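Since the structure comes first, as structure tokens, the remarks are kept for the end.
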Amino acid sequence: MSDTVKKRRVLLKLSGEAFGAGSLGVNPDVISALAREIAEAAKQVEIAIVVGGGNFFRGAELSQRGMDRGRADYMGMLGTVMNALALQDFLEQAGAETRVQSAIAMTQVAEPYIPRRAERHLEKGRVVIFGAGAGLPYFSTDTVAAQRALEIDAEIVLVAKNGVDGVYSDDPRTNPDAHRIDRITYQEALQRGLKVVDSTAFSLCMDNGMPMQVFGMAPHGNVTAAILGADLGTLVSN
Ligand code: UDP
């Protein structure tokens with residue numbers, strides 16, 4: 001008999017910066033702790049994840065230093081695949097079943113991105129990790145998170161941030177008067193030029209009515225709580 005109770009389905013965006021804990025490469029302790037939080041929540045919620053790659057390469061930065069932008073962006077996308085594999089490893093150690101799907105074909109390490117198959121994995125309780133971004137230069141993994149959430153019919157994009165716990169009125173690192181905003185519309189976030197997520201991601205969510213919750217990864221437990229539906233950080237919607 002099939003399970004007729006529809007589970008909550010979320011798309012979690014994890015930045016590469018979090019994986020590297022501020023330096024180049026991956027920090028196993030950080031990823032392991034994150035994986036345990038996700039595995040805990042995966043008992044109740046269908047979880048798809050888009051991983052960033054900023055702990056390896058950002059195409060825009062490499063191109064400013066003389067590289068061809070498209071090639072540099074492909075390096076950035078390959079970095080996200082390394083993060084996806086690291087996360088897969090620690091998720092499995094934490095007892096979760098997982099699949100990695102890559103937007104760039106590399107069949108030895110990941111399935112190709114097939115949205116219907118991803119949905120099937122989710123229905124079976126597997127955590128699906130999307131690597132290689134959209135497979136397209138000039139895109140960011142924030143935008144991919146919005147696109148994948150729409151395509152697999154997730155109910156929300158959860159953007160877990162490192163070092164900040166939501167959307168602020170200004171950059172809290174430079175303006176001590178900046179305050180956290182609990183709720184904001186996409187229109188206003190775009191008009192005010194708030195950069196916590198890139199504007200293409202905001203626009204895609206706005207145009208398609210996909211809500212987004214921006215919250216801090218710290219303290220430990222926040223990621224599990226957000227996946228389960230806790231009202232943390234900032235809700236961005238129409
Ligand atoms: N990237 C890309 N297309 C995509 C996704 C990512 O070209 O669809 C490249 C881009 O160079 C980007 C890098 O991969 O700078 C790493 O992704 P991102 O900067 O979004 O990672 P995060 O900031 O979340 O760690």
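The chains in the structure tokens are called A, B, ... from first to last as shown; in each chain the residues are counted from 1, and the ligands are counted from 1 in the order shown.
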(message) Give me the residues near range 175-190 of chain A as JSON, numbers by chain, where near means some atom within 10 Å (using only C-alpha atoms) and where sequence neighbours in that chain fewer than 5 positions away do not count.
(response) {"A": [164, 165, 166, 167, 168, 169, 170, 195, 196, 197, 198, 199, 200, 201, 202, 203, 204, 205, 206, 207, 209, 211, 212, 213, 214, 231, 232, 233, 234, 235, 236, 237, 238]}
Give as a short mmCIF file (atom, residue, chain, number, x, y, z; two decimals) with C-alpha atoms, in the first residue's frame the residues surrounding ligand 1 up to a distance of 8 Å, considering only C-alpha atoms and all ligand atoms.
```cif
data_model
loop_
_atom_site.label_atom_id
_atom_site.label_comp_id
_atom_site.auth_asym_id
_atom_site.auth_seq_id
_atom_site.Cartn_x
_atom_site.Cartn_y
_atom_site.Cartn_z
CA LYS A 13 20.95 25.70 -0.27
CA LEU A 14 24.34 25.29 1.39
CA SER A 15 27.11 27.69 0.47
CA GLY A 16 30.57 26.40 -0.31
CA GLU A 17 31.96 28.83 2.22
CA ALA A 18 30.30 26.78 4.96
CA VAL A 51 25.65 22.94 -2.79
CA GLY A 52 27.76 25.96 -3.64
CA GLY A 53 31.44 25.95 -4.48
CA GLY A 54 32.85 29.19 -3.14
CA ASN A 55 35.34 27.26 -0.96
CA PHE A 56 37.06 26.17 -4.19
CA PHE A 57 36.56 28.66 -7.01
CA ARG A 58 34.29 31.52 -7.97
CA GLY A 59 34.32 32.12 -11.70
CA ALA A 60 33.85 35.87 -11.47
CA GLU A 61 36.89 36.19 -9.19
CA ARG A 69 34.97 33.60 -17.60
CA GLY A 70 33.27 30.53 -19.02
CA ALA A 72 36.51 29.71 -14.74
CA ASP A 73 32.80 29.14 -14.15
CA TYR A 74 33.18 25.48 -15.15
CA MET A 75 35.94 25.20 -12.54
CA GLY A 76 33.49 26.70 -10.05
CA MET A 77 30.88 24.10 -11.00
CA LEU A 78 33.39 21.26 -10.59
CA GLY A 79 34.09 22.55 -7.09
CA THR A 80 30.43 22.14 -6.20
CA ALA A 132 27.57 21.24 -10.82
CA GLY A 133 25.07 24.08 -10.49
CA ALA A 134 22.96 24.48 -13.60
CA GLY A 135 25.83 23.31 -15.80
CA LEU A 136 25.85 26.83 -17.26
CA PRO A 137 28.42 29.60 -16.87
CA TYR A 138 27.23 32.98 -15.57
CA PHE A 139 24.84 31.34 -13.12
CA SER A 140 25.16 31.08 -9.35
CA THR A 141 24.15 28.20 -7.14
CA ASP A 142 21.59 30.51 -5.45
CA THR A 143 19.76 30.75 -8.77
CA VAL A 144 20.07 27.00 -9.26
#
```
(request) In Å, rounded to a single decimal, give me how far CA of Gln147 in chain A is from CA of Ala86 in chain A. (result)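 If I compute the distance from CA of Ala86 in chain A to CA of Gln147 in chain A, I get 22.9 Å.
As for CA of Met217 in chain A and CA of Ala118 in chain A, they are spaced 25.0 Å apart.
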(request) Determine the nearest neighbour of Met106 in chain A from the options A:Val81, A:Val128, A:Leu91, A:Val5, counting only C-alpha atoms. (result) A:Val81
(message) Which of range 77-110 of chain A end up as alpha helix (DSSP H) when DSSP is run on this backbone - answer as a ChimeraX atom specification?
(response) /A:77-93
(message) Set the distance at 10 Å and use only C-alpha atoms: which residues neighbour Val109 in chain A once local chain neighbours fewer than 4 positions away are removed? I'd like the list as a ChimeraX atom specification.
(response) /A:81-82,85,100-102,105
For the residues in that selection, give me N, CA and C atoms as a PDB file, in the first residue's frame.
```pdb
ATOM      1  N   VAL A  81      30.773  19.929  -7.193  1.00  0.00           N
ATOM      2  CA  VAL A  81      30.642  18.466  -7.214  1.00  0.00           C
ATOM      3  C   VAL A  81      31.486  17.846  -6.094  1.00  0.00           C
ATOM      4  N   MET A  82      32.661  18.406  -5.859  1.00  0.00           N
ATOM      5  CA  MET A  82      33.482  17.891  -4.748  1.00  0.00           C
ATOM      6  C   MET A  82      32.740  18.074  -3.427  1.00  0.00           C
ATOM      7  N   LEU A  85      30.018  15.440  -3.118  1.00  0.00           N
ATOM      8  CA  LEU A  85      30.514  14.103  -2.752  1.00  0.00           C
ATOM      9  C   LEU A  85      30.899  14.049  -1.274  1.00  0.00           C
ATOM     10  N   VAL A 100      23.554  11.661  -5.549  1.00  0.00           N
ATOM     11  CA  VAL A 100      24.066  12.921  -6.096  1.00  0.00           C
ATOM     12  C   VAL A 100      23.678  12.969  -7.557  1.00  0.00           C
ATOM     13  N   GLN A 101      23.130  14.086  -7.982  1.00  0.00           N
ATOM     14  CA  GLN A 101      22.849  14.304  -9.406  1.00  0.00           C
ATOM     15  C   GLN A 101      23.663  15.509  -9.873  1.00  0.00           C
ATOM     16  N   SER A 102      24.338  15.336 -10.999  1.00  0.00           N
ATOM     17  CA  SER A 102      25.189  16.406 -11.505  1.00  0.00           C
ATOM     18  C   SER A 102      24.626  16.979 -12.802  1.00  0.00           C
ATOM     19  N   ALA A 105      27.710  15.918 -17.049  1.00  0.00           N
ATOM     20  CA  ALA A 105      27.795  14.456 -17.053  1.00  0.00           C
ATOM     21  C   ALA A 105      29.125  13.984 -16.476  1.00  0.00           C
TER      22      ALA A 105
END
```
Quick one: residues within 12 Å of Ala225 in chain A, only C-alpha atoms, excluding same-chain residues fewer than 6 positions away - as a PDB file with N, CA and C atoms, in the first residue's frame?
```pdb
ATOM      1  N   GLU A  37      22.852  16.876  11.145  1.00  0.00           N
ATOM      2  CA  GLU A  37      21.613  17.675  11.274  1.00  0.00           C
ATOM      3  C   GLU A  37      20.632  17.347  10.151  1.00  0.00           C
ATOM      4  N   ILE A  38      21.166  17.225   8.952  1.00  0.00           N
ATOM      5  CA  ILE A  38      20.298  16.952   7.789  1.00  0.00           C
ATOM      6  C   ILE A  38      19.716  15.540   7.890  1.00  0.00           C
ATOM      7  N   GLU A  40      19.075  13.827  10.478  1.00  0.00           N
ATOM      8  CA  GLU A  40      18.036  13.803  11.520  1.00  0.00           C
ATOM      9  C   GLU A  40      16.686  14.272  10.923  1.00  0.00           C
ATOM     10  N   ALA A  41      16.750  15.377  10.195  1.00  0.00           N
ATOM     11  CA  ALA A  41      15.521  15.937   9.621  1.00  0.00           C
ATOM     12  C   ALA A  41      14.974  15.071   8.487  1.00  0.00           C
ATOM     13  N   ALA A  42      15.864  14.329   7.827  1.00  0.00           N
ATOM     14  CA  ALA A  42      15.442  13.520   6.674  1.00  0.00           C
ATOM     15  C   ALA A  42      14.515  12.372   7.068  1.00  0.00           C
ATOM     16  N   GLN A  44      11.854  12.855   8.570  1.00  0.00           N
ATOM     17  CA  GLN A  44      10.484  13.388   8.485  1.00  0.00           C
ATOM     18  C   GLN A  44      10.186  14.205   7.238  1.00  0.00           C
ATOM     19  N   VAL A  45      11.237  14.709   6.583  1.00  0.00           N
ATOM     20  CA  VAL A  45      11.039  15.669   5.495  1.00  0.00           C
ATOM     21  C   VAL A  45      11.822  15.210   4.261  1.00  0.00           C
ATOM     22  N   LEU A 158      15.285  26.895   1.390  1.00  0.00           N
ATOM     23  CA  LEU A 158      15.898  27.229   2.679  1.00  0.00           C
ATOM     24  C   LEU A 158      17.354  27.579   2.431  1.00  0.00           C
ATOM     25  N   ALA A 160      20.687  28.366   3.977  1.00  0.00           N
ATOM     26  CA  ALA A 160      21.449  28.329   5.235  1.00  0.00           C
ATOM     27  C   ALA A 160      22.701  29.175   5.071  1.00  0.00           C
ATOM     28  N   PHE A 215      18.382  31.828   6.829  1.00  0.00           N
ATOM     29  CA  PHE A 215      18.638  31.662   8.273  1.00  0.00           C
ATOM     30  C   PHE A 215      20.110  31.301   8.498  1.00  0.00           C
ATOM     31  N   GLY A 216      20.541  31.410   9.755  1.00  0.00           N
ATOM     32  CA  GLY A 216      21.929  31.102  10.087  1.00  0.00           C
ATOM     33  C   GLY A 216      22.123  29.630  10.407  1.00  0.00           C
ATOM     34  N   MET A 217      23.249  29.075   9.976  1.00  0.00           N
ATOM     35  CA  MET A 217      23.553  27.665  10.292  1.00  0.00           C
ATOM     36  C   MET A 217      23.825  27.464  11.770  1.00  0.00           C
ATOM     37  N   ALA A 218      24.360  28.499  12.397  1.00  0.00           N
ATOM     38  CA  ALA A 218      24.662  28.405  13.827  1.00  0.00           C
ATOM     39  C   ALA A 218      23.491  28.986  14.618  1.00  0.00           C
ATOM     40  N   PRO A 219      23.242  28.508  15.856  1.00  0.00           N
ATOM     41  CA  PRO A 219      23.937  27.424  16.528  1.00  0.00           C
ATOM     42  C   PRO A 219      23.524  26.046  15.976  1.00  0.00           C
ATOM     43  N   ASP A 231      10.402  28.780  12.490  1.00  0.00           N
ATOM     44  CA  ASP A 231      10.346  30.137  11.970  1.00  0.00           C
ATOM     45  C   ASP A 231      11.651  30.872  12.339  1.00  0.00           C
ATOM     46  N   LEU A 232      12.711  30.590  11.622  1.00  0.00           N
ATOM     47  CA  LEU A 232      14.015  31.190  11.929  1.00  0.00           C
ATOM     48  C   LEU A 232      14.369  32.213  10.856  1.00  0.00           C
ATOM     49  N   GLY A 233      15.169  33.199  11.219  1.00  0.00           N
ATOM     50  CA  GLY A 233      15.732  34.111  10.221  1.00  0.00           C
ATOM     51  C   GLY A 233      14.686  34.958   9.528  1.00  0.00           C
TER      52      GLY A 233
END
```
(request) Select, from A:Val223, A:Ile129, A:Ala103, A:Ala230, the residue with the minimum atom-to-atom distance to Lys161 in chain A, counting only C-alpha atoms. (result)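 Using only C-alpha atoms, Lys161 in chain A sits closest to A:Val223.
If you measure from each of A:Ala146, A:Leu87, A:Ala33, A:Leu194 to Met210 in chain A using only C-alpha atoms, the closest one turns out to be A:Ala146.
Between Ile152 in chain A and the candidates A:Gly66, A:Pro115, A:Gly95, A:Gly193, the tightest atom-to-atom separation, counting only C-alpha atoms, involves A:Pro115.
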(request) Apply DSSP to the structure's backbone, then extract all residues of range 121-234 of chain A labelled strand (DSSP E or B) and return them as a PyMOL selection string. (result) chain A and resi 127-131+156-161+167-168+180-181+183-185+212-216+234
(request) For each of A:Lys43, A:Arg173, A:Arg148, A:Arg36, take the minimum atom-to-atom distance to Glu119 in chain A, counting only C-alpha atoms, then give the residue where this is smallest. (result)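 Of A:Lys43, A:Arg173, A:Arg148, A:Arg36, the one nearest Glu119 in chain A is A:Arg148, counting only C-alpha atoms.
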(message) Which residues are near Glu46 in chain A? Cut-off 10 Å, only C-alpha atoms, ignore same chain within fewer than 5 positions. Put them as a VMD selection string.
(response) chain A and resid 6 to 11 41 119 121 to 128 154 227 to 228
